[in-house]
Amino acid sequence: MAPILFDLGVMPVGKYCDLACQGCFQREKNKNSFLASKSEVVCLLEDFGFSQCFIGGGEPLLHDNLEKILQGLSKRFFVRYLLTHGFGLANHLYLGDYVETIVVSIDPMHKKAMERKYGGVLYPSDILSSIDNYGFRKNIRINSVVCNTNEMPFFHKLAQYIARSKNVKGWNIYRNTNSKISDKEYLRIVAEINDSYGLDFQVEPKIPSEKFIQILIFSDLSVESYSFNASGKLVEIDLENLALFQSKEEFLGEIGRLHGKTGAFSQIYSREGK
Ligand code: SF4
């Protein structure tokens, strides 16, 4: 039986974000759960035997001292990627020293929220200029979410920018599972982008999988986890305290049980399997 894939995210600013994208369940207005550089979370995850993670949020670039956090984390973990909305990215050139891939969310939902928050921003050209002009040494990947077919002009324009970019090395397009866009329409949009531009890579469609669980760890040791059930609905399970578990196996086993999934767990990506 295929193992259940999981992805483990550490949340340096919890769900704190300065944008308010419509429908986002991560945004939070309070800066109350910033990760400290000597954190129990990191020690616990290492004791459990985790060796890789991603950095999520909220917006991690809003941490007061993200570089110090990444310095510490990257000594113990392979930090596969960091997720950001990209505003102010040029002030964080150090990211390339600690993170394998910088994943920038660019889509119509972020455009609306960013223009509302930062009047005058040229979107997405300002974000793409930061990515290119400042020469990040690491890979940049774009993540987009598509909600409806009316967004096609935006994605065509974005594809033109990405085709000219030196640093963008990948682009994933997700279907908003709460929107009315059908799988067929979504796959047609992805195929149209792949057929129309000379990108150096294939844009990858991402279909929700029942065999995947995303696990998010917060600085107060609380845990959130997300999966899709058989009808494609998002399931969220929260746990209060990571420290109540004795081992990685016990922790993952409980998460799997609560999501109604059985079988062995495997982290979604390993350096060895690259
Ligand atoms: S930028 Fe990301 S975390 Fe912030 S509100 Fe938008 S979707 Fe949510």
# chains A, B, ... in the order shown; residues from 1 in each chain; ligands from 1
>>> residues_around(residues="range 96-110 of chain A", least_positions_apart="6", cutoff="8 Å", atoms="only C-alpha atoms", output="PyMOL selection string")
chain A and resi 21-22+70-71+74+78-86+124+136-146+151+154-155
>>> select_by_dssp(residues="range 42-191 of chain A", states="strand (DSSP E)", output="number ranges by chain")
A: 52-55, 78-84, 101-105, 139-146, 168-175
>>> residues_around(residues="Gln246 in chain A", least_positions_apart="3", cutoff="12 Å", atoms="only C-alpha atoms", output="PyMOL selection string")
chain A and resi 44-45+47-49+241-243+249-254
>>> write_last_selection(atoms="N, CA and C atoms", output="PDB file, in the first residue's frame")
ATOM      1  N   LEU A  44      12.110  19.582  20.295  1.00  0.00           N
ATOM      2  CA  LEU A  44      11.193  18.433  20.291  1.00  0.00           C
ATOM      3  C   LEU A  44      11.167  17.743  18.923  1.00  0.00           C
ATOM      4  N   LEU A  45      11.059  18.549  17.882  1.00  0.00           N
ATOM      5  CA  LEU A  45      11.000  17.963  16.533  1.00  0.00           C
ATOM      6  C   LEU A  45      12.282  17.203  16.229  1.00  0.00           C
ATOM      7  N   ASP A  47      14.301  15.833  18.529  1.00  0.00           N
ATOM      8  CA  ASP A  47      14.296  14.624  19.362  1.00  0.00           C
ATOM      9  C   ASP A  47      13.418  13.532  18.744  1.00  0.00           C
ATOM     10  N   PHE A  48      12.334  13.933  18.115  1.00  0.00           N
ATOM     11  CA  PHE A  48      11.445  12.963  17.462  1.00  0.00           C
ATOM     12  C   PHE A  48      12.102  12.326  16.232  1.00  0.00           C
ATOM     13  N   GLY A  49      13.124  12.980  15.725  1.00  0.00           N
ATOM     14  CA  GLY A  49      13.812  12.415  14.556  1.00  0.00           C
ATOM     15  C   GLY A  49      13.411  13.047  13.236  1.00  0.00           C
ATOM     16  N   ASN A 241      -0.923  19.907  22.188  1.00  0.00           N
ATOM     17  CA  ASN A 241       0.435  19.951  22.692  1.00  0.00           C
ATOM     18  C   ASN A 241       1.319  18.850  22.108  1.00  0.00           C
ATOM     19  N   LEU A 242       2.252  19.247  21.299  1.00  0.00           N
ATOM     20  CA  LEU A 242       3.190  18.307  20.687  1.00  0.00           C
ATOM     21  C   LEU A 242       3.974  17.521  21.749  1.00  0.00           C
ATOM     22  N   ALA A 243       4.220  18.179  22.905  1.00  0.00           N
ATOM     23  CA  ALA A 243       5.048  17.561  23.947  1.00  0.00           C
ATOM     24  C   ALA A 243       4.360  16.382  24.630  1.00  0.00           C
ATOM     25  N   GLU A 249       6.660   8.253  15.801  1.00  0.00           N
ATOM     26  CA  GLU A 249       5.685   7.233  15.381  1.00  0.00           C
ATOM     27  C   GLU A 249       4.348   7.449  16.090  1.00  0.00           C
ATOM     28  N   GLU A 250       4.445   7.726  17.407  1.00  0.00           N
ATOM     29  CA  GLU A 250       3.206   7.935  18.168  1.00  0.00           C
ATOM     30  C   GLU A 250       2.478   9.189  17.669  1.00  0.00           C
ATOM     31  N   PHE A 251       3.239  10.235  17.431  1.00  0.00           N
ATOM     32  CA  PHE A 251       2.669  11.511  16.974  1.00  0.00           C
ATOM     33  C   PHE A 251       1.989  11.342  15.604  1.00  0.00           C
ATOM     34  N   LEU A 252       2.722  10.757  14.638  1.00  0.00           N
ATOM     35  CA  LEU A 252       2.155  10.597  13.300  1.00  0.00           C
ATOM     36  C   LEU A 252       0.985   9.609  13.312  1.00  0.00           C
ATOM     37  N   GLY A 253       1.111   8.552  14.137  1.00  0.00           N
ATOM     38  CA  GLY A 253       0.042   7.551  14.219  1.00  0.00           C
ATOM     39  C   GLY A 253      -1.268   8.186  14.682  1.00  0.00           C
ATOM     40  N   GLU A 254      -1.157   9.087  15.689  1.00  0.00           N
ATOM     41  CA  GLU A 254      -2.363   9.745  16.213  1.00  0.00           C
ATOM     42  C   GLU A 254      -2.953  10.696  15.171  1.00  0.00           C
TER      43      GLU A 254
END
>>> atom_distance(atom1="atom 2 (Fe, counted along the ligand's line) of ligand 1", atom2="CA of Gly58 in chain A")
5.9 Å
>>> closest_residue(among="A:Gln267, A:Asn32, A:Asn176, A:Gln214", to="ligand 1", atoms="only C-alpha atoms and all ligand atoms")
A:Asn176
>>> residues_around(residues="range 223-238 of chain A", least_positions_apart="4", cutoff="9 Å", atoms="only C-alpha atoms", output="PyMOL selection string")
chain A and resi 177-178+208-218+242+255+258-260
>>> select_by_dssp(residues="range 69-262 of chain A", states="helix (DSSP H, G or I)", output="VMD selection string")
chain A and resid 69 to 76 89 to 91 95 to 98 108 to 117 125 to 133 149 to 164 183 to 196 242 to 244 248 to 258
>>> closest_residue(among="A:Cys43, A:Ala2, A:Leu93, A:Leu61", to="Lys75 in chain A", atoms="only C-alpha atoms")
A:Cys43
>>> closest_residue(among="A:Asn148, A:Ser266, A:Leu95, A:Ser222", to="Leu187 in chain A", atoms="only C-alpha atoms")
A:Asn148
>>> residues_around(residues="Pro60 in chain A", least_positions_apart="6", cutoff="10 Å", atoms="only C-alpha atoms", output="ChimeraX atom specification")
/A:10-17,34,66,82-85
>>> write_last_selection(atoms="C-alpha atoms", output="PDB file, in the first residue's frame")
ATOM      1  CA  VAL A  10       7.176  25.246  11.293  1.00  0.00           C
ATOM      2  CA  MET A  11       5.303  28.544  11.728  1.00  0.00           C
ATOM      3  CA  PRO A  12       7.675  31.328  12.889  1.00  0.00           C
ATOM      4  CA  VAL A  13       4.872  33.918  13.171  1.00  0.00           C
ATOM      5  CA  GLY A  14       1.938  31.570  13.704  1.00  0.00           C
ATOM      6  CA  LYS A  15      -0.903  32.670  11.450  1.00  0.00           C
ATOM      7  CA  TYR A  16       0.004  36.332  11.611  1.00  0.00           C
ATOM      8  CA  CYS A  17      -0.208  38.064   8.240  1.00  0.00           C
ATOM      9  CA  PHE A  34       6.467  34.515  17.356  1.00  0.00           C
ATOM     10  CA  LEU A  66      13.766  35.663  10.803  1.00  0.00           C
ATOM     11  CA  LEU A  82       9.667  28.960   2.764  1.00  0.00           C
ATOM     12  CA  LEU A  83       6.239  30.251   1.754  1.00  0.00           C
ATOM     13  CA  THR A  84       5.771  34.000   1.322  1.00  0.00           C
ATOM     14  CA  HIS A  85       3.460  36.481  -0.374  1.00  0.00           C
TER      15      HIS A  85
END
>>> atom_distance(atom1="CA of Lys157 in chain A", atom2="atom 2 (Fe, counted along the ligand's line) of ligand 1")
21.1 Å
>>> closest_residue(among="A:Ser129, A:Gln26, A:Ser219, A:Asn194", to="ligand 1", atoms="only C-alpha atoms and all ligand atoms")
A:Gln26
>>> atom_distance(atom1="CA of Asn150 in chain A", atom2="CA of Ile193 in chain A")
14.5 Å
>>> residues_around(residues="Ser37 in chain A", least_positions_apart="4", cutoff="7 Å", atoms="only C-alpha atoms", output="PyMOL selection string")
chain A and resi 68-69+72
>>> decode(residues="range 224-270 of chain A", atoms="N, CA and C atoms", output="CSV table (one decimal), in the first residue's frame")
chain,number,residue,atom,x,y,z
A,224,GLU,N,-1.7,22.0,14.1
A,224,GLU,CA,-2.8,21.9,13.2
A,224,GLU,C,-2.5,20.9,12.1
A,225,SER,N,-3.5,20.2,11.6
A,225,SER,CA,-3.2,19.3,10.5
A,225,SER,C,-4.4,19.3,9.5
A,226,TYR,N,-4.1,19.1,8.2
A,226,TYR,CA,-5.1,19.2,7.2
A,226,TYR,C,-5.0,18.1,6.2
A,227,SER,N,-6.1,17.6,5.8
A,227,SER,CA,-6.1,16.5,4.7
A,227,SER,C,-7.4,16.7,3.9
A,228,PHE,N,-7.5,15.9,2.9
A,228,PHE,CA,-8.8,15.8,2.1
A,228,PHE,C,-9.4,14.5,2.4
A,229,ASN,N,-10.7,14.5,2.5
A,229,ASN,CA,-11.4,13.2,2.6
A,229,ASN,C,-11.8,12.7,1.2
A,230,ALA,N,-12.6,11.6,1.2
A,230,ALA,CA,-12.9,10.9,-0.1
A,230,ALA,C,-13.7,11.8,-1.0
A,231,SER,N,-14.5,12.8,-0.4
A,231,SER,CA,-15.3,13.7,-1.2
A,231,SER,C,-14.6,15.0,-1.6
A,232,GLY,N,-13.3,15.0,-1.3
A,232,GLY,CA,-12.5,16.2,-1.6
A,232,GLY,C,-12.7,17.4,-0.7
A,233,LYS,N,-13.3,17.1,0.5
A,233,LYS,CA,-13.5,18.2,1.5
A,233,LYS,C,-12.3,18.3,2.4
A,234,LEU,N,-11.9,19.5,2.8
A,234,LEU,CA,-10.8,19.7,3.6
A,234,LEU,C,-11.2,19.4,5.1
A,235,VAL,N,-10.3,18.6,5.7
A,235,VAL,CA,-10.5,18.2,7.1
A,235,VAL,C,-9.4,18.8,8.0
A,236,GLU,N,-9.8,19.5,9.0
A,236,GLU,CA,-8.8,20.1,9.9
A,236,GLU,C,-8.8,19.4,11.3
A,237,ILE,N,-7.7,18.9,11.8
A,237,ILE,CA,-7.6,18.4,13.1
A,237,ILE,C,-6.6,19.1,13.9
A,238,ASP,N,-6.9,19.6,15.1
A,238,ASP,CA,-6.0,20.4,15.9
A,238,ASP,C,-5.6,19.5,17.1
A,239,LEU,N,-4.4,19.7,17.5
A,239,LEU,CA,-3.9,19.0,18.8
A,239,LEU,C,-3.3,20.1,19.6
A,240,GLU,N,-3.5,19.9,21.0
A,240,GLU,CA,-3.1,21.0,21.8
A,240,GLU,C,-1.6,21.1,22.1
A,241,ASN,N,-0.9,19.9,22.2
A,241,ASN,CA,0.4,20.0,22.7
A,241,ASN,C,1.3,18.8,22.1
A,242,LEU,N,2.3,19.2,21.3
A,242,LEU,CA,3.2,18.3,20.7
A,242,LEU,C,4.0,17.5,21.7
A,243,ALA,N,4.2,18.2,22.9
A,243,ALA,CA,5.0,17.6,23.9
A,243,ALA,C,4.4,16.4,24.6
A,244,LEU,N,3.1,16.2,24.4
A,244,LEU,CA,2.4,15.0,25.0
A,244,LEU,C,2.8,13.7,24.3
A,245,PHE,N,3.5,13.8,23.2
A,245,PHE,CA,3.8,12.6,22.5
A,245,PHE,C,5.3,12.2,22.8
A,246,GLN,N,5.5,10.9,22.8
A,246,GLN,CA,6.8,10.4,23.2
A,246,GLN,C,7.7,10.1,22.0
A,247,SER,N,7.1,10.0,20.8
A,247,SER,CA,8.0,9.6,19.6
A,247,SER,C,7.3,10.1,18.3
A,248,LYS,N,8.1,10.2,17.3
A,248,LYS,CA,7.6,10.5,16.0
A,248,LYS,C,6.4,9.6,15.5
A,249,GLU,N,6.7,8.3,15.8
A,249,GLU,CA,5.7,7.2,15.4
A,249,GLU,C,4.3,7.4,16.1
A,250,GLU,N,4.4,7.7,17.4
A,250,GLU,CA,3.2,7.9,18.2
A,250,GLU,C,2.5,9.2,17.7
A,251,PHE,N,3.2,10.2,17.4
A,251,PHE,CA,2.7,11.5,17.0
A,251,PHE,C,2.0,11.3,15.6
A,252,LEU,N,2.7,10.8,14.6
A,252,LEU,CA,2.2,10.6,13.3
A,252,LEU,C,1.0,9.6,13.3
A,253,GLY,N,1.1,8.6,14.1
A,253,GLY,CA,0.0,7.6,14.2
A,253,GLY,C,-1.3,8.2,14.7
A,254,GLU,N,-1.2,9.1,15.7
A,254,GLU,CA,-2.4,9.7,16.2
A,254,GLU,C,-3.0,10.7,15.2
A,255,ILE,N,-2.1,11.4,14.5
A,255,ILE,CA,-2.6,12.3,13.4
A,255,ILE,C,-3.3,11.5,12.4
A,256,GLY,N,-2.7,10.4,11.9
A,256,GLY,CA,-3.3,9.6,10.9
A,256,GLY,C,-4.7,9.1,11.4
A,257,ARG,N,-4.7,8.6,12.6
A,257,ARG,CA,-5.9,8.0,13.2
A,257,ARG,C,-7.0,9.0,13.2
A,258,LEU,N,-6.7,10.3,13.6
A,258,LEU,CA,-7.7,11.3,13.7
A,258,LEU,C,-8.2,11.7,12.3
A,259,HIS,N,-7.4,11.6,11.3
A,259,HIS,CA,-7.8,11.9,9.9
A,259,HIS,C,-8.4,10.7,9.2
A,260,GLY,N,-8.5,9.6,10.0
A,260,GLY,CA,-9.2,8.4,9.4
A,260,GLY,C,-8.3,7.7,8.4
A,261,LYS,N,-7.0,7.9,8.5
A,261,LYS,CA,-6.1,7.3,7.5
A,261,LYS,C,-5.1,6.3,8.2
A,262,THR,N,-4.9,5.2,7.5
A,262,THR,CA,-4.0,4.2,8.1
A,262,THR,C,-2.9,3.9,7.2
A,263,GLY,N,-1.8,3.3,7.7
A,263,GLY,CA,-0.7,2.9,6.9
A,263,GLY,C,0.6,3.6,7.3
A,264,ALA,N,1.6,3.4,6.7
A,264,ALA,CA,2.9,4.0,7.0
A,264,ALA,C,3.0,5.4,6.5
A,265,PHE,N,3.8,6.2,7.2
A,265,PHE,CA,3.9,7.6,6.9
A,265,PHE,C,5.3,7.8,6.2
A,266,SER,N,5.3,8.7,5.2
A,266,SER,CA,6.6,9.0,4.6
A,266,SER,C,6.6,10.5,4.4
A,267,GLN,N,7.7,11.2,4.7
A,267,GLN,CA,7.7,12.7,4.5
A,267,GLN,C,7.8,12.9,3.0
A,268,ILE,N,7.1,14.0,2.5
A,268,ILE,CA,6.8,14.1,1.1
A,268,ILE,C,8.1,14.2,0.2
A,269,TYR,N,9.1,14.6,0.8
A,269,TYR,CA,10.4,14.8,0.0
A,269,TYR,C,11.5,14.5,0.9
A,270,SER,N,12.5,13.9,0.4
A,270,SER,CA,13.7,13.7,1.2
A,270,SER,C,14.9,14.1,0.4
